[in-house]
Amino acid sequence: NVVSDRLKSSGIDGSRLDARLLVADAAGVPSETALIHPDMELDAGTRDQIAALMARRMGREPMSHILGVREFWSMAFEVTSDTLTPRPDTESLVESVLAAVRECGLTDTLSILDLGTGTGCILLALLSELPGATGVGIDVSTDALTVAQRNADCHGLAPRVDFRAGNWLADVQETFDVIVSNPPYIETDEIALLDPEVAQYEPVAALDGGPDGLAPYRDICMSAAGVLKLGGIIGLEVGVNQSGAVRKILESAGFSEIHIKQDLAGRHRVVMATLSK
């Protein structure tokens, strides 16, 4: 309760959950144990560690950075300051791609390209659901790719994935059945206005979508038709109020059957399209 109250007084949303997770991490016990036994005795070293973790959280460092892990698609992913923290909204992209893949009957020997892979969470979640699939994950950050590789190793998916450094589609030579991306889509001038956990700690390159937030979509869509197989699928996560603009970008790049999907909060979150045969 003391930890929760301190966090709450610092303006931390979800202070009770954060407090439980911090105590459990410092004590080396499952979070459920901290919930069931809130009055468990802690030695001096553990109390000192809790104080240190609490100070980091009060400084608005994200929980994913403090704990070094975030759950996504019921899988644990390592997170560092070099990667964007996986978010529940992005699970809508995974769901949309899986539905489209199964509808098209592409589940066997499927090839997936993930642009701006970060932790690798999108690609690895898809590979976990599609045992016949292989994937390539591209990121401009070699440090992020190191994290993605460790995540692939952790989940036993490394034999089916290839992580490469690159700038979007610039160096891609193969063709793929599916392209997915959660690109940077925050307008440059808006980044400083985001929550401190994001603005101060997330990698700017993973947030900055240019003056109108749409620059990465133009870069991706302009070249996507050249590396997507006919009848292939592209799935893009978008920010609030961006779905219409991204639809137009896809249309101008030659894509058809464009569908906009909602996240659990009912916001337009995913734009799906097909490269017509």
# chains A, B, ... in the order shown; residues from 1 in each chain; ligands from 1
$ residues_around --residues "range 111-118 of chain A" --least-positions-apart "3" --cutoff "9 Å" --atoms "only C-alpha atoms" --output "MDAnalysis selection string"
chainID A and resid 82:86 121:123 126:127 132:141 144:145 147:148 163 166:169 175:184 206 220
$ select_by_dssp --residues "range 57-252 of chain A" --states "strand (DSSP E)" --output "JSON, numbers by chain"
{"A": [69, 70, 71, 72, 75, 76, 77, 78, 111, 112, 113, 114, 115, 134, 135, 136, 137, 138, 139, 161, 162, 163, 164, 165, 176, 177, 178, 179, 180, 181, 228, 229, 230, 231, 232, 233, 234, 235, 236, 237]}
$ residues_around --residues "range 12-25 of chain A" --least-positions-apart "3" --cutoff "10 Å" --atoms "only C-alpha atoms" --output "VMD selection string"
chain A and resid 1 to 9 28 to 35 38 42 46 to 47 49 to 54 57 to 60 63 66 to 67
$ select_by_dssp --residues "range 8-73 of chain A" --states "alpha helix (DSSP H)" --output "ChimeraX atom specification"
/A:8-9,15-27,31-36,44-58,63-67
$ closest_residue --among "A:Glu237, A:Asp208, A:Glu197, A:Glu251" --to "Thr274 in chain A" --atoms "only C-alpha atoms"
A:Glu251
$ residues_around --residues "Gly231 in chain A" --least-positions-apart "6" --cutoff "12 Å" --atoms "only C-alpha atoms" --output "list in words"
Ala100, Val101, Glu103, Cys104, Gly105, Leu106, Thr175, Phe176, Asp177, Val178, Ile179, Ala225, Phe255, Ser256, Glu257, Ala273, Thr274, Leu275, Ser276 and Lys277 of chain A
$ write_last_selection --atoms "all heavy atoms" --output "compact mmCIF listing (two decimals), in the first residue's frame"
# COMPACT_ATOMS: atom_id res chain seq x y z
N ALA A 100 -7.25 -12.36 -42.37
CA ALA A 100 -7.11 -12.20 -43.82
C ALA A 100 -6.34 -13.36 -44.43
O ALA A 100 -6.69 -13.86 -45.50
CB ALA A 100 -6.42 -10.88 -44.13
N VAL A 101 -5.30 -13.80 -43.74
CA VAL A 101 -4.48 -14.91 -44.23
C VAL A 101 -5.32 -16.18 -44.33
O VAL A 101 -5.27 -16.91 -45.33
CB VAL A 101 -3.27 -15.11 -43.30
CG1 VAL A 101 -2.67 -16.51 -43.47
CG2 VAL A 101 -2.21 -14.05 -43.56
N GLU A 103 -8.58 -16.40 -44.50
CA GLU A 103 -9.63 -16.22 -45.50
C GLU A 103 -9.10 -16.48 -46.90
O GLU A 103 -9.80 -17.01 -47.77
CB GLU A 103 -10.19 -14.80 -45.40
CG GLU A 103 -11.36 -14.53 -46.32
CD GLU A 103 -11.93 -13.14 -46.14
OE1 GLU A 103 -11.82 -12.59 -45.03
OE2 GLU A 103 -12.47 -12.59 -47.11
N CYS A 104 -7.84 -16.10 -47.13
CA CYS A 104 -7.23 -16.29 -48.45
C CYS A 104 -6.58 -17.66 -48.62
O CYS A 104 -6.07 -17.99 -49.69
CB CYS A 104 -6.19 -15.21 -48.70
SG CYS A 104 -6.84 -13.54 -48.77
N GLY A 105 -6.57 -18.46 -47.54
CA GLY A 105 -5.97 -19.78 -47.62
C GLY A 105 -4.47 -19.77 -47.78
O GLY A 105 -3.89 -20.63 -48.46
N LEU A 106 -3.80 -18.81 -47.15
CA LEU A 106 -2.35 -18.65 -47.32
C LEU A 106 -1.53 -19.24 -46.17
O LEU A 106 -0.37 -18.89 -46.00
CB LEU A 106 -2.01 -17.16 -47.44
CG LEU A 106 -2.51 -16.42 -48.66
CD1 LEU A 106 -2.24 -14.92 -48.53
CD2 LEU A 106 -1.86 -16.96 -49.92
N THR A 175 10.10 -11.46 -52.71
CA THR A 175 8.68 -11.12 -52.67
C THR A 175 8.03 -11.88 -51.51
O THR A 175 8.51 -12.95 -51.11
CB THR A 175 7.96 -11.47 -53.98
OG1 THR A 175 8.16 -12.86 -54.26
CG2 THR A 175 8.49 -10.63 -55.13
N PHE A 176 6.94 -11.32 -51.01
CA PHE A 176 6.30 -11.87 -49.81
C PHE A 176 4.79 -11.99 -50.01
O PHE A 176 4.19 -11.27 -50.82
CB PHE A 176 6.58 -10.96 -48.61
CG PHE A 176 8.03 -10.91 -48.22
CD1 PHE A 176 8.89 -10.02 -48.84
CD2 PHE A 176 8.53 -11.75 -47.24
CE1 PHE A 176 10.23 -9.98 -48.50
CE2 PHE A 176 9.87 -11.72 -46.89
CZ PHE A 176 10.72 -10.82 -47.52
N ASP A 177 4.19 -12.88 -49.22
CA ASP A 177 2.73 -13.03 -49.23
C ASP A 177 2.06 -11.96 -48.39
O ASP A 177 0.93 -11.56 -48.67
CB ASP A 177 2.33 -14.41 -48.68
CG ASP A 177 2.85 -15.55 -49.53
OD1 ASP A 177 2.38 -15.67 -50.68
OD2 ASP A 177 3.73 -16.30 -49.06
N VAL A 178 2.74 -11.52 -47.34
CA VAL A 178 2.17 -10.56 -46.39
C VAL A 178 3.23 -9.52 -46.02
O VAL A 178 4.38 -9.87 -45.76
CB VAL A 178 1.68 -11.27 -45.11
CG1 VAL A 178 1.16 -10.25 -44.09
CG2 VAL A 178 0.60 -12.29 -45.42
N ILE A 179 2.81 -8.26 -45.98
CA ILE A 179 3.62 -7.19 -45.40
C ILE A 179 2.85 -6.62 -44.22
O ILE A 179 1.66 -6.32 -44.33
CB ILE A 179 3.91 -6.07 -46.42
CG1 ILE A 179 4.77 -6.59 -47.57
CG2 ILE A 179 4.62 -4.90 -45.74
CD1 ILE A 179 5.00 -5.57 -48.68
N ALA A 225 4.15 -2.65 -53.53
CA ALA A 225 3.65 -3.47 -54.64
C ALA A 225 4.77 -4.23 -55.33
O ALA A 225 4.55 -5.31 -55.90
CB ALA A 225 2.90 -2.60 -55.64
N PHE A 255 -3.32 -0.55 -54.64
CA PHE A 255 -3.95 -1.58 -53.83
C PHE A 255 -5.48 -1.48 -53.91
O PHE A 255 -6.03 -0.40 -54.15
CB PHE A 255 -3.50 -1.49 -52.38
CG PHE A 255 -2.08 -1.93 -52.18
CD1 PHE A 255 -1.03 -1.03 -52.30
CD2 PHE A 255 -1.79 -3.25 -51.89
CE1 PHE A 255 0.28 -1.45 -52.13
CE2 PHE A 255 -0.48 -3.67 -51.72
CZ PHE A 255 0.55 -2.77 -51.84
N SER A 256 -6.13 -2.62 -53.69
CA SER A 256 -7.59 -2.66 -53.75
C SER A 256 -8.12 -3.45 -52.55
O SER A 256 -7.34 -3.89 -51.70
CB SER A 256 -8.05 -3.33 -55.05
OG SER A 256 -7.57 -4.66 -55.11
N GLU A 257 -9.44 -3.63 -52.51
CA GLU A 257 -10.07 -4.34 -51.39
C GLU A 257 -9.53 -3.83 -50.06
O GLU A 257 -9.03 -4.61 -49.23
CB GLU A 257 -9.84 -5.85 -51.52
CG GLU A 257 -10.47 -6.48 -52.76
CD GLU A 257 -10.21 -7.97 -52.83
OE1 GLU A 257 -10.37 -8.64 -51.79
OE2 GLU A 257 -9.82 -8.45 -53.91
N ALA A 273 -5.16 -4.20 -47.01
CA ALA A 273 -5.39 -4.09 -48.43
C ALA A 273 -4.79 -5.28 -49.16
O ALA A 273 -3.93 -5.99 -48.61
CB ALA A 273 -4.78 -2.79 -48.99
N THR A 274 -5.25 -5.49 -50.37
CA THR A 274 -4.80 -6.62 -51.19
C THR A 274 -4.20 -6.09 -52.50
O THR A 274 -4.69 -5.10 -53.06
CB THR A 274 -5.98 -7.55 -51.52
OG1 THR A 274 -6.57 -8.01 -50.30
CG2 THR A 274 -5.53 -8.75 -52.35
N LEU A 275 -3.16 -6.76 -52.96
CA LEU A 275 -2.60 -6.44 -54.27
C LEU A 275 -3.30 -7.32 -55.29
O LEU A 275 -3.13 -8.53 -55.31
CB LEU A 275 -1.09 -6.71 -54.28
CG LEU A 275 -0.36 -6.26 -55.56
CD1 LEU A 275 -0.47 -4.75 -55.74
CD2 LEU A 275 1.10 -6.69 -55.52
N SER A 276 -4.15 -6.72 -56.11
CA SER A 276 -5.00 -7.48 -57.01
C SER A 276 -4.21 -8.31 -58.00
O SER A 276 -3.15 -7.88 -58.49
CB SER A 276 -5.92 -6.51 -57.79
OG SER A 276 -6.78 -5.85 -56.91
N LYS A 277 -4.74 -9.50 -58.28
CA LYS A 277 -4.11 -10.37 -59.26
C LYS A 277 -4.40 -9.89 -60.67
O LYS A 277 -5.41 -9.27 -60.91
CB LYS A 277 -4.63 -11.80 -59.07
CG LYS A 277 -4.22 -12.42 -57.74
CD LYS A 277 -4.69 -13.86 -57.65
CE LYS A 277 -4.26 -14.48 -56.33
NZ LYS A 277 -4.73 -15.88 -56.22
$ residues_around --residues "Lys261 in chain A" --least-positions-apart "6" --cutoff "9 Å" --atoms "only C-alpha atoms" --output "list in words"
Ser92, Leu93, Ser96, Arg267, His268, Arg269, Val270, Val271 and Met272 of chain A
$ atom_distance --atom1 "CA of Gln149 in chain A" --atom2 "CA of Pro88 in chain A"
21.4 Å
$ residues_around --residues "Arg87 in chain A" --least-positions-apart "2" --cutoff "9 Å" --atoms "only C-alpha atoms" --output "list of chain:residue names"
A:Arg70, A:Glu71, A:Phe72, A:Leu84, A:Thr85, A:Asp89, A:Thr90, A:Glu91
$ write_last_selection --atoms "N, CA, C and O atoms" --output "PDB file, in the first residue's frame"
ATOM      1  N   ARG A  70       7.457  -7.107 -21.548  1.00  0.00           N
ATOM      2  CA  ARG A  70       6.043  -6.749 -21.713  1.00  0.00           C
ATOM      3  C   ARG A  70       5.337  -7.915 -22.405  1.00  0.00           C
ATOM      4  O   ARG A  70       5.871  -8.497 -23.354  1.00  0.00           O
ATOM      5  N   GLU A  71       4.155  -8.230 -21.942  1.00  0.00           N
ATOM      6  CA  GLU A  71       3.380  -9.302 -22.567  1.00  0.00           C
ATOM      7  C   GLU A  71       2.654  -8.773 -23.793  1.00  0.00           C
ATOM      8  O   GLU A  71       2.098  -7.673 -23.786  1.00  0.00           O
ATOM      9  N   PHE A  72       2.661  -9.576 -24.848  1.00  0.00           N
ATOM     10  CA  PHE A  72       1.958  -9.258 -26.088  1.00  0.00           C
ATOM     11  C   PHE A  72       1.537 -10.569 -26.708  1.00  0.00           C
ATOM     12  O   PHE A  72       2.361 -11.482 -26.871  1.00  0.00           O
ATOM     13  N   LEU A  84      10.255   0.139 -29.201  1.00  0.00           N
ATOM     14  CA  LEU A  84       8.931   0.600 -28.809  1.00  0.00           C
ATOM     15  C   LEU A  84       8.293  -0.472 -27.940  1.00  0.00           C
ATOM     16  O   LEU A  84       8.399  -1.662 -28.235  1.00  0.00           O
ATOM     17  N   THR A  85       7.643  -0.073 -26.875  1.00  0.00           N
ATOM     18  CA  THR A  85       6.954  -1.030 -26.014  1.00  0.00           C
ATOM     19  C   THR A  85       5.736  -1.604 -26.730  1.00  0.00           C
ATOM     20  O   THR A  85       4.896  -0.844 -27.223  1.00  0.00           O
ATOM     21  N   ASP A  89      -3.148  -2.360 -28.354  1.00  0.00           N
ATOM     22  CA  ASP A  89      -3.788  -1.929 -29.606  1.00  0.00           C
ATOM     23  C   ASP A  89      -3.223  -2.682 -30.813  1.00  0.00           C
ATOM     24  O   ASP A  89      -3.940  -2.967 -31.774  1.00  0.00           O
ATOM     25  N   THR A  90      -1.933  -2.980 -30.747  1.00  0.00           N
ATOM     26  CA  THR A  90      -1.269  -3.606 -31.884  1.00  0.00           C
ATOM     27  C   THR A  90      -1.707  -5.060 -32.072  1.00  0.00           C
ATOM     28  O   THR A  90      -1.541  -5.622 -33.159  1.00  0.00           O
ATOM     29  N   GLU A  91      -2.282  -5.667 -31.046  1.00  0.00           N
ATOM     30  CA  GLU A  91      -2.810  -7.015 -31.217  1.00  0.00           C
ATOM     31  C   GLU A  91      -3.923  -7.028 -32.263  1.00  0.00           C
ATOM     32  O   GLU A  91      -4.170  -8.059 -32.903  1.00  0.00           O
TER      33      GLU A  91
END
$ residues_around --residues "Gly209 in chain A" --least-positions-apart "2" --cutoff "12 Å" --atoms "only C-alpha atoms" --output "list in words"
Asn182, Pro183, Pro184, Tyr185, Ile186, Glu187, Thr188, Asp189, Glu190, Ile191, Val204, Ala205, Ala206, Leu207, Pro211, Asp212, Gly213, Leu214, Ala215, Pro216, Tyr217, Arg218, Asp219, Val238, Gly239 and Gln242 of chain A
$ write_last_selection --atoms "N, CA and C atoms" --output "PDB file, in the first residue's frame"
ATOM      1  N   ASN A 182       3.862  -1.558 -38.100  1.00  0.00           N
ATOM      2  CA  ASN A 182       3.359  -0.549 -37.177  1.00  0.00           C
ATOM      3  C   ASN A 182       4.391   0.572 -37.204  1.00  0.00           C
ATOM      4  N   PRO A 183       4.333   1.415 -38.234  1.00  0.00           N
ATOM      5  CA  PRO A 183       5.394   2.417 -38.421  1.00  0.00           C
ATOM      6  C   PRO A 183       5.222   3.603 -37.471  1.00  0.00           C
ATOM      7  N   PRO A 184       6.229   4.452 -37.379  1.00  0.00           N
ATOM      8  CA  PRO A 184       6.058   5.701 -36.612  1.00  0.00           C
ATOM      9  C   PRO A 184       4.932   6.523 -37.236  1.00  0.00           C
ATOM     10  N   TYR A 185       3.984   6.996 -36.417  1.00  0.00           N
ATOM     11  CA  TYR A 185       2.889   7.775 -37.006  1.00  0.00           C
ATOM     12  C   TYR A 185       2.512   9.016 -36.192  1.00  0.00           C
ATOM     13  N   ILE A 186       3.361   9.384 -35.247  1.00  0.00           N
ATOM     14  CA  ILE A 186       3.100  10.611 -34.476  1.00  0.00           C
ATOM     15  C   ILE A 186       3.649  11.808 -35.248  1.00  0.00           C
ATOM     16  N   GLU A 187       2.859  12.867 -35.331  1.00  0.00           N
ATOM     17  CA  GLU A 187       3.351  14.089 -35.967  1.00  0.00           C
ATOM     18  C   GLU A 187       4.526  14.633 -35.154  1.00  0.00           C
ATOM     19  N   THR A 188       5.557  15.086 -35.839  1.00  0.00           N
ATOM     20  CA  THR A 188       6.792  15.517 -35.179  1.00  0.00           C
ATOM     21  C   THR A 188       6.528  16.494 -34.032  1.00  0.00           C
ATOM     22  N   ASP A 189       5.678  17.471 -34.261  1.00  0.00           N
ATOM     23  CA  ASP A 189       5.426  18.502 -33.249  1.00  0.00           C
ATOM     24  C   ASP A 189       4.599  17.989 -32.069  1.00  0.00           C
ATOM     25  N   GLU A 190       4.019  16.801 -32.217  1.00  0.00           N
ATOM     26  CA  GLU A 190       3.168  16.259 -31.157  1.00  0.00           C
ATOM     27  C   GLU A 190       3.940  15.381 -30.173  1.00  0.00           C
ATOM     28  N   ILE A 191       5.145  14.984 -30.522  1.00  0.00           N
ATOM     29  CA  ILE A 191       5.876  14.032 -29.682  1.00  0.00           C
ATOM     30  C   ILE A 191       6.113  14.573 -28.280  1.00  0.00           C
ATOM     31  N   VAL A 204      12.753   7.952 -30.302  1.00  0.00           N
ATOM     32  CA  VAL A 204      12.077   8.938 -31.150  1.00  0.00           C
ATOM     33  C   VAL A 204      11.888   8.414 -32.564  1.00  0.00           C
ATOM     34  N   ALA A 205      12.872   7.671 -33.057  1.00  0.00           N
ATOM     35  CA  ALA A 205      12.779   7.153 -34.425  1.00  0.00           C
ATOM     36  C   ALA A 205      11.592   6.219 -34.603  1.00  0.00           C
ATOM     37  N   ALA A 206      11.128   5.617 -33.503  1.00  0.00           N
ATOM     38  CA  ALA A 206       9.982   4.717 -33.577  1.00  0.00           C
ATOM     39  C   ALA A 206       8.657   5.450 -33.402  1.00  0.00           C
ATOM     40  N   LEU A 207       8.731   6.755 -33.163  1.00  0.00           N
ATOM     41  CA  LEU A 207       7.532   7.560 -32.944  1.00  0.00           C
ATOM     42  C   LEU A 207       7.278   8.576 -34.050  1.00  0.00           C
ATOM     43  N   PRO A 211       6.106  15.562 -40.403  1.00  0.00           N
ATOM     44  CA  PRO A 211       5.230  16.699 -40.087  1.00  0.00           C
ATOM     45  C   PRO A 211       3.742  16.352 -39.991  1.00  0.00           C
ATOM     46  N   ASP A 212       3.277  15.429 -40.852  1.00  0.00           N
ATOM     47  CA  ASP A 212       1.857  15.060 -40.807  1.00  0.00           C
ATOM     48  C   ASP A 212       1.631  13.645 -40.295  1.00  0.00           C
ATOM     49  N   GLY A 213       2.700  12.978 -39.849  1.00  0.00           N
ATOM     50  CA  GLY A 213       2.581  11.633 -39.310  1.00  0.00           C
ATOM     51  C   GLY A 213       2.433  10.542 -40.348  1.00  0.00           C
ATOM     52  N   LEU A 214       2.488  10.895 -41.618  1.00  0.00           N
ATOM     53  CA  LEU A 214       2.196   9.932 -42.681  1.00  0.00           C
ATOM     54  C   LEU A 214       3.404   9.570 -43.553  1.00  0.00           C
ATOM     55  N   ALA A 215       4.547  10.171 -43.284  1.00  0.00           N
ATOM     56  CA  ALA A 215       5.716   9.947 -44.142  1.00  0.00           C
ATOM     57  C   ALA A 215       6.083   8.468 -44.268  1.00  0.00           C
ATOM     58  N   PRO A 216       6.113   7.687 -43.173  1.00  0.00           N
ATOM     59  CA  PRO A 216       6.464   6.269 -43.330  1.00  0.00           C
ATOM     60  C   PRO A 216       5.473   5.495 -44.195  1.00  0.00           C
ATOM     61  N   TYR A 217       4.196   5.855 -44.130  1.00  0.00           N
ATOM     62  CA  TYR A 217       3.205   5.152 -44.947  1.00  0.00           C
ATOM     63  C   TYR A 217       3.463   5.403 -46.431  1.00  0.00           C
ATOM     64  N   ARG A 218       3.849   6.611 -46.771  1.00  0.00           N
ATOM     65  CA  ARG A 218       4.170   6.914 -48.178  1.00  0.00           C
ATOM     66  C   ARG A 218       5.380   6.097 -48.623  1.00  0.00           C
ATOM     67  N   ASP A 219       6.410   6.048 -47.765  1.00  0.00           N
ATOM     68  CA  ASP A 219       7.624   5.298 -48.113  1.00  0.00           C
ATOM     69  C   ASP A 219       7.309   3.817 -48.305  1.00  0.00           C
ATOM     70  N   VAL A 238      -2.426   2.172 -37.765  1.00  0.00           N
ATOM     71  CA  VAL A 238      -2.495   3.621 -37.982  1.00  0.00           C
ATOM     72  C   VAL A 238      -2.888   4.319 -36.693  1.00  0.00           C
ATOM     73  N   GLY A 239      -2.581   5.606 -36.630  1.00  0.00           N
ATOM     74  CA  GLY A 239      -2.971   6.406 -35.491  1.00  0.00           C
ATOM     75  C   GLY A 239      -4.401   6.909 -35.627  1.00  0.00           C
ATOM     76  N   GLN A 242      -6.136   8.652 -38.867  1.00  0.00           N
ATOM     77  CA  GLN A 242      -5.236   8.489 -40.013  1.00  0.00           C
ATOM     78  C   GLN A 242      -5.735   7.471 -41.033  1.00  0.00           C
TER      79      GLN A 242
END
$ atom_distance --atom1 "CA of Asp263 in chain A" --atom2 "CA of Trp73 in chain A"
14.1 Å
